[in-house]
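*Asks:* I have a structure I would like to understand better, so I am pasting it below and will then ask my questions one at a time.
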Amino acid sequence: MAKLFTDTALGEHTRGLLIQAARTPDDFILLEAMQHNDIRHACQPIRHTESNEVTFQHLTLRFGSNNEQSVYRFDLSDEMRYALDLFGLLLAIRHIKFQQETILPSLINPLVVPLQAETLLNWEPGHQFLAALYDYHGSAMRDIVPCIQLFQPDLNQTRLNELLSWLHDASTAVWVDLRLPTPYLPLLEKTSPAAIKVAQMNEDTSFKQGLLPVIRFLRHNDIDFVAGRVATQHDLIRFRRLGAGYYFGYISDIPTSFSAPRKLKLVK
C-alpha cells in the first residue's frame with residue numbers, strides 16, 4: 001500500500017480509477033479532455049463576511065476553453081463522479097505541496113475540497129484512497145479541509161457517523177455541505193464539524209423551513225456558517241444577517257484556474 005501512494009505512483013493510481021469508472025459517453029468525453037490537459041482545478045477564495053479577508057481556498061474542477069463549466073454538469077456515472085472526487089484530492093495535494101515549498105506557512109490558506117459522502121461510503125476505493133493520503137501525505141493533508149456533501153437524504157446514518165468520527169480524528173478540520181431541508185442535524189450534534197456550508201439560496205417554503213433549524217443549530221453549537229455561491233450584494237447581506245461568518249462566490253472573486261500536471265495522462 002505504501003508504494004501505491006508515493007508521489008510518483010499516486011497519479012497513475014488515480015488514472016486507473018478514472019479509466020475503470022468510465023461508463024457513459026460523457027465519462028469518456030472527460031477522459032479525452034484530461035488527455036489534452038483540459039480539466040483544471042480552480043481555486044476560489046473564501047472570505048470573511050465582515051473583514052472580507054481571504055481565509056480559505058475552495059477547489060472545484062472546471063472544463064472548457066475558458067474553464068467556464070463545472071465537470072459535474074455532464075451526464076456522468078456515479079463511479080466517475082466518485083473517481084473525480086479522488087482526482088480533486090490529488091490536485092489538492094499537489095497544489096498544497098507547491099505552496100508549502102514556495103511560500104511562508106503563515107500565508108497558506110487551508111484548501112477546502114468537496115467530497116460526496118457516497119464516494120467514501122459506497123465506493124471501496126474512496127475510503128482507502130483518503131485514508132492512505134492521511135498516512136502518506138500527512139503534511140499536505142494538514143492544510144486540506146474535506147467538505148463532505150450530505151446531499152442525499154437517505155444515507156446510512158450509522159455508517160455516516162462512523163465516517164465523520166474517523167474524519168474528525170484524522171483531519172485538522174472537517175466541513176459539511178448541506179442541501180436543505182436536511183435530516184442530518186441530530187447526527188451532526190454527535191460529530192460536530194468545524195463549519196457547515198449552505199450553497200443554495202431560494203425562496204421556496206421547503207428551503208426556508210429547512211434553513212431555520214440549521215441557523216439555530218449553528219448558534220447553539222458554535223459552528224461556523226459558510227455561504228456558498230453568493231452572487232449578489234443582496235445575498236451577502238442576507239447571509240451575514242443570518243450569521244454567516246464566511247462566504248464565496250462570483251460577487252467578489254472569479255476562480256483562479258490551474259493546469260493539471262502534464263505527466264498525468266489518462267488516455268493512450
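The chains in the C-alpha cells are called A, B, ... from first to last as shown; in each chain the residues are counted from 1, and the ligands are counted from 1 in the order shown.
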Can you tell me which residues surround range 143-147 of chain A at a distance of at most 6 Å, considering only C-alpha atoms, apart from same-chain residues fewer than 2 positions away, and format the answer as a list in words?
*Replies:*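 Skipping anything fewer than 2 positions along the chain leaves Pro110, Leu111, Val112, Val113, Pro114, Leu115, Ala140, Met141, Ala173, Val174, Trp175 and Val176 of chain A.
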*Asks:* For range 17-52 of chain A versus range 234-251 of chain A, which residues have an atom no more than 7 Å away, and what is each residue's nearest atom pair and distance in Å rounded to one decimal, using only C-alpha atoms, chain-then-number order, as a tab-separated table?
*Replies:*
residue	atom	partner	partner_atom	distance
A:Pro45	CA	A:Phe248	CA	6.5
A:Ile46	CA	A:Phe248	CA	4.8
A:Arg47	CA	A:Tyr246	CA	5.4
A:His48	CA	A:Tyr246	CA	4.4
A:Thr49	CA	A:Tyr246	CA	5.1
*Asks:* Could you save the residues just selected, with N, CA and C atoms, as a short mmCIF file (atom, residue, chain, number, x, y, z; two decimals), in the first residue's frame?
*Replies:*
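What landed in selection_21.cif:
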data_model
loop_
_atom_site.label_atom_id
_atom_site.label_comp_id
_atom_site.auth_asym_id
_atom_site.auth_seq_id
_atom_site.Cartn_x
_atom_site.Cartn_y
_atom_site.Cartn_z
N PRO A 45 -11.22 32.01 -3.55
CA PRO A 45 -11.07 32.44 -2.16
C PRO A 45 -12.39 32.37 -1.39
N ILE A 46 -12.30 31.95 -0.15
CA ILE A 46 -13.41 32.05 0.79
C ILE A 46 -13.08 33.18 1.75
N ARG A 47 -13.96 34.17 1.82
CA ARG A 47 -13.68 35.40 2.56
C ARG A 47 -14.52 35.51 3.82
N HIS A 48 -13.98 36.27 4.77
CA HIS A 48 -14.74 36.59 5.98
C HIS A 48 -15.81 37.61 5.62
N THR A 49 -17.02 37.40 6.12
CA THR A 49 -18.13 38.27 5.72
C THR A 49 -17.98 39.70 6.24
#
*Asks:* Check the DSSP output for the backbone and give back, as a ChimeraX atom specification, the residues of range 3-212 of chain A in helix (DSSP H, G or I).
*Replies:* /A:3-5,7-21,25-35,71-73,78-102,105-107,117-121,124-136,138-141,157-170,185-190,205-212
*Asks:* As a PyMOL selection string, please: the residues near Arg179 in chain A (cut-off 12 Å, only C-alpha atoms, same-chain neighbours under 2 positions excluded).
*Replies:* chain A and resi 148-153+176-177+181-185+196-202+206-208+210-211+214+228
*Asks:* Name the residues of range 58-153 of chain A that come out as strand (DSSP E) in a backbone DSSP run; write them as an mmCIF file with C-alpha atoms, in the first residue's frame.
*Replies:*
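Final output, saved to out15.cif:
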data_model
loop_
_atom_site.group_PDB
_atom_site.id
_atom_site.type_symbol
_atom_site.label_atom_id
_atom_site.label_comp_id
_atom_site.auth_asym_id
_atom_site.auth_seq_id
_atom_site.Cartn_x
_atom_site.Cartn_y
_atom_site.Cartn_z
ATOM 1 C CA HIS A 58 -12.126 26.290 -2.295
ATOM 2 C CA LEU A 59 -11.323 23.749 -5.007
ATOM 3 C CA THR A 60 -13.546 22.938 -7.979
ATOM 4 C CA LEU A 61 -12.906 21.071 -11.237
ATOM 5 C CA ARG A 62 -13.516 23.030 -14.435
ATOM 6 C CA PHE A 63 -13.725 22.169 -18.123
ATOM 7 C CA GLN A 69 -18.018 24.710 -16.987
ATOM 8 C CA SER A 70 -18.156 22.535 -13.913
ATOM 9 C CA LEU A 111 -7.800 24.345 0.861
ATOM 10 C CA VAL A 112 -11.409 23.146 1.163
ATOM 11 C CA VAL A 113 -12.064 20.113 -1.059
ATOM 12 C CA PRO A 114 -15.680 18.987 -1.653
ATOM 13 C CA LEU A 115 -16.288 15.237 -1.420
ATOM 14 C CA GLN A 116 -19.581 13.420 -1.881
ATOM 15 C CA ILE A 144 -6.628 20.403 3.325
ATOM 16 C CA VAL A 145 -10.169 20.550 4.714
ATOM 17 C CA PRO A 146 -12.509 17.802 3.463
ATOM 18 C CA CYS A 147 -16.013 19.181 2.936
ATOM 19 C CA ILE A 148 -18.455 16.267 2.965
ATOM 20 C CA GLN A 149 -21.524 16.813 0.808
ATOM 21 C CA LEU A 150 -24.629 15.458 2.538
#
*Asks:* Could you jot down the CA of Glu124 in chain A to CA of His168 in chain A separation for me, Å, one decimal place?
*Replies:*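 That distance, rounded to one decimal, is 19.8 Å.
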*Asks:* Would you please work out which residue, of A:Thr172, A:Gln44, A:Thr55, A:Thr24, is nearest to Ser106 in chain A when using only C-alpha atoms?
*Replies:*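 Nearest to Ser106 in chain A: A:Thr55.
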*Asks:* Between CA of Thr102 in chain A and CA of Gly11 in chain A, what distance in Å does the model show, to one decimal?
*Replies:*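 Pair CA of Thr102 in chain A / CA of Gly11 in chain A returns 21.7 Å.
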*Asks:* Fewer than 4 positions away in the same chain doesn't count, so skip those; otherwise give me all residues within 12 Å of Glu162 in chain A, counting only C-alpha atoms, as a list in words.
*Replies:* Ala117, Leu120, Leu121, His127, Asn156, Gln157, Thr158, Trp166, Leu167, His168, Asp169, Leu187, Leu188, Lys190 and Thr191 of chain A
*Asks:* Enter the distance from CA of His41 in chain A to CA of Gln99 in chain A, in Å, rounded to one decimal.
*Replies:* 14.7 Å
*Asks:* Find, counting only C-alpha atoms, the residue in A:Ala9, A:Val54, A:Leu107, A:Leu84 that gets nearest to Asp27 in chain A.
*Replies:*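 Answer, going by the shortest atom-to-atom distance: A:Leu84.
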*Asks:* Would you list the contacts of Phe87 in chain A as a PyMOL selection string, taking every protein, DNA or RNA residue within 10 Å and counting only C-alpha atoms, but skipping same-chain residues closer than 3 positions in sequence?
*Replies:* chain A and resi 10-11+13-15+17-18+41+61+81-84+90-93+260
*Asks:* Go ahead and save the residues from that selection, with C-alpha atoms, as an mmCIF file, in the first residue's frame.
*Replies:*
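Written file, part26.cif:
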data_model
loop_
_atom_site.group_PDB
_atom_site.id
_atom_site.type_symbol
_atom_site.label_atom_id
_atom_site.label_comp_id
_atom_site.auth_asym_id
_atom_site.auth_seq_id
_atom_site.Cartn_x
_atom_site.Cartn_y
_atom_site.Cartn_z
ATOM 1 C CA LEU A 10 -0.368 8.487 -6.893
ATOM 2 C CA GLY A 11 -1.149 9.903 -10.323
ATOM 3 C CA HIS A 13 -3.360 5.030 -9.381
ATOM 4 C CA THR A 14 -5.868 7.860 -9.907
ATOM 5 C CA ARG A 15 -5.561 7.416 -13.654
ATOM 6 C CA LEU A 17 -9.537 4.533 -11.173
ATOM 7 C CA LEU A 18 -10.830 7.091 -13.676
ATOM 8 C CA HIS A 41 -8.669 22.784 -10.760
ATOM 9 C CA LEU A 61 -12.906 21.071 -11.237
ATOM 10 C CA ARG A 81 -18.240 11.238 -10.004
ATOM 11 C CA TYR A 82 -16.615 9.257 -7.210
ATOM 12 C CA ALA A 83 -13.339 8.989 -9.144
ATOM 13 C CA LEU A 84 -13.407 12.722 -9.902
ATOM 14 C CA LEU A 90 -4.859 14.508 -5.992
ATOM 15 C CA LEU A 91 -4.814 18.039 -7.396
ATOM 16 C CA ALA A 92 -5.335 19.448 -3.910
ATOM 17 C CA ILE A 93 -2.297 17.533 -2.612
ATOM 18 C CA ALA A 260 -3.357 19.658 -14.015
#
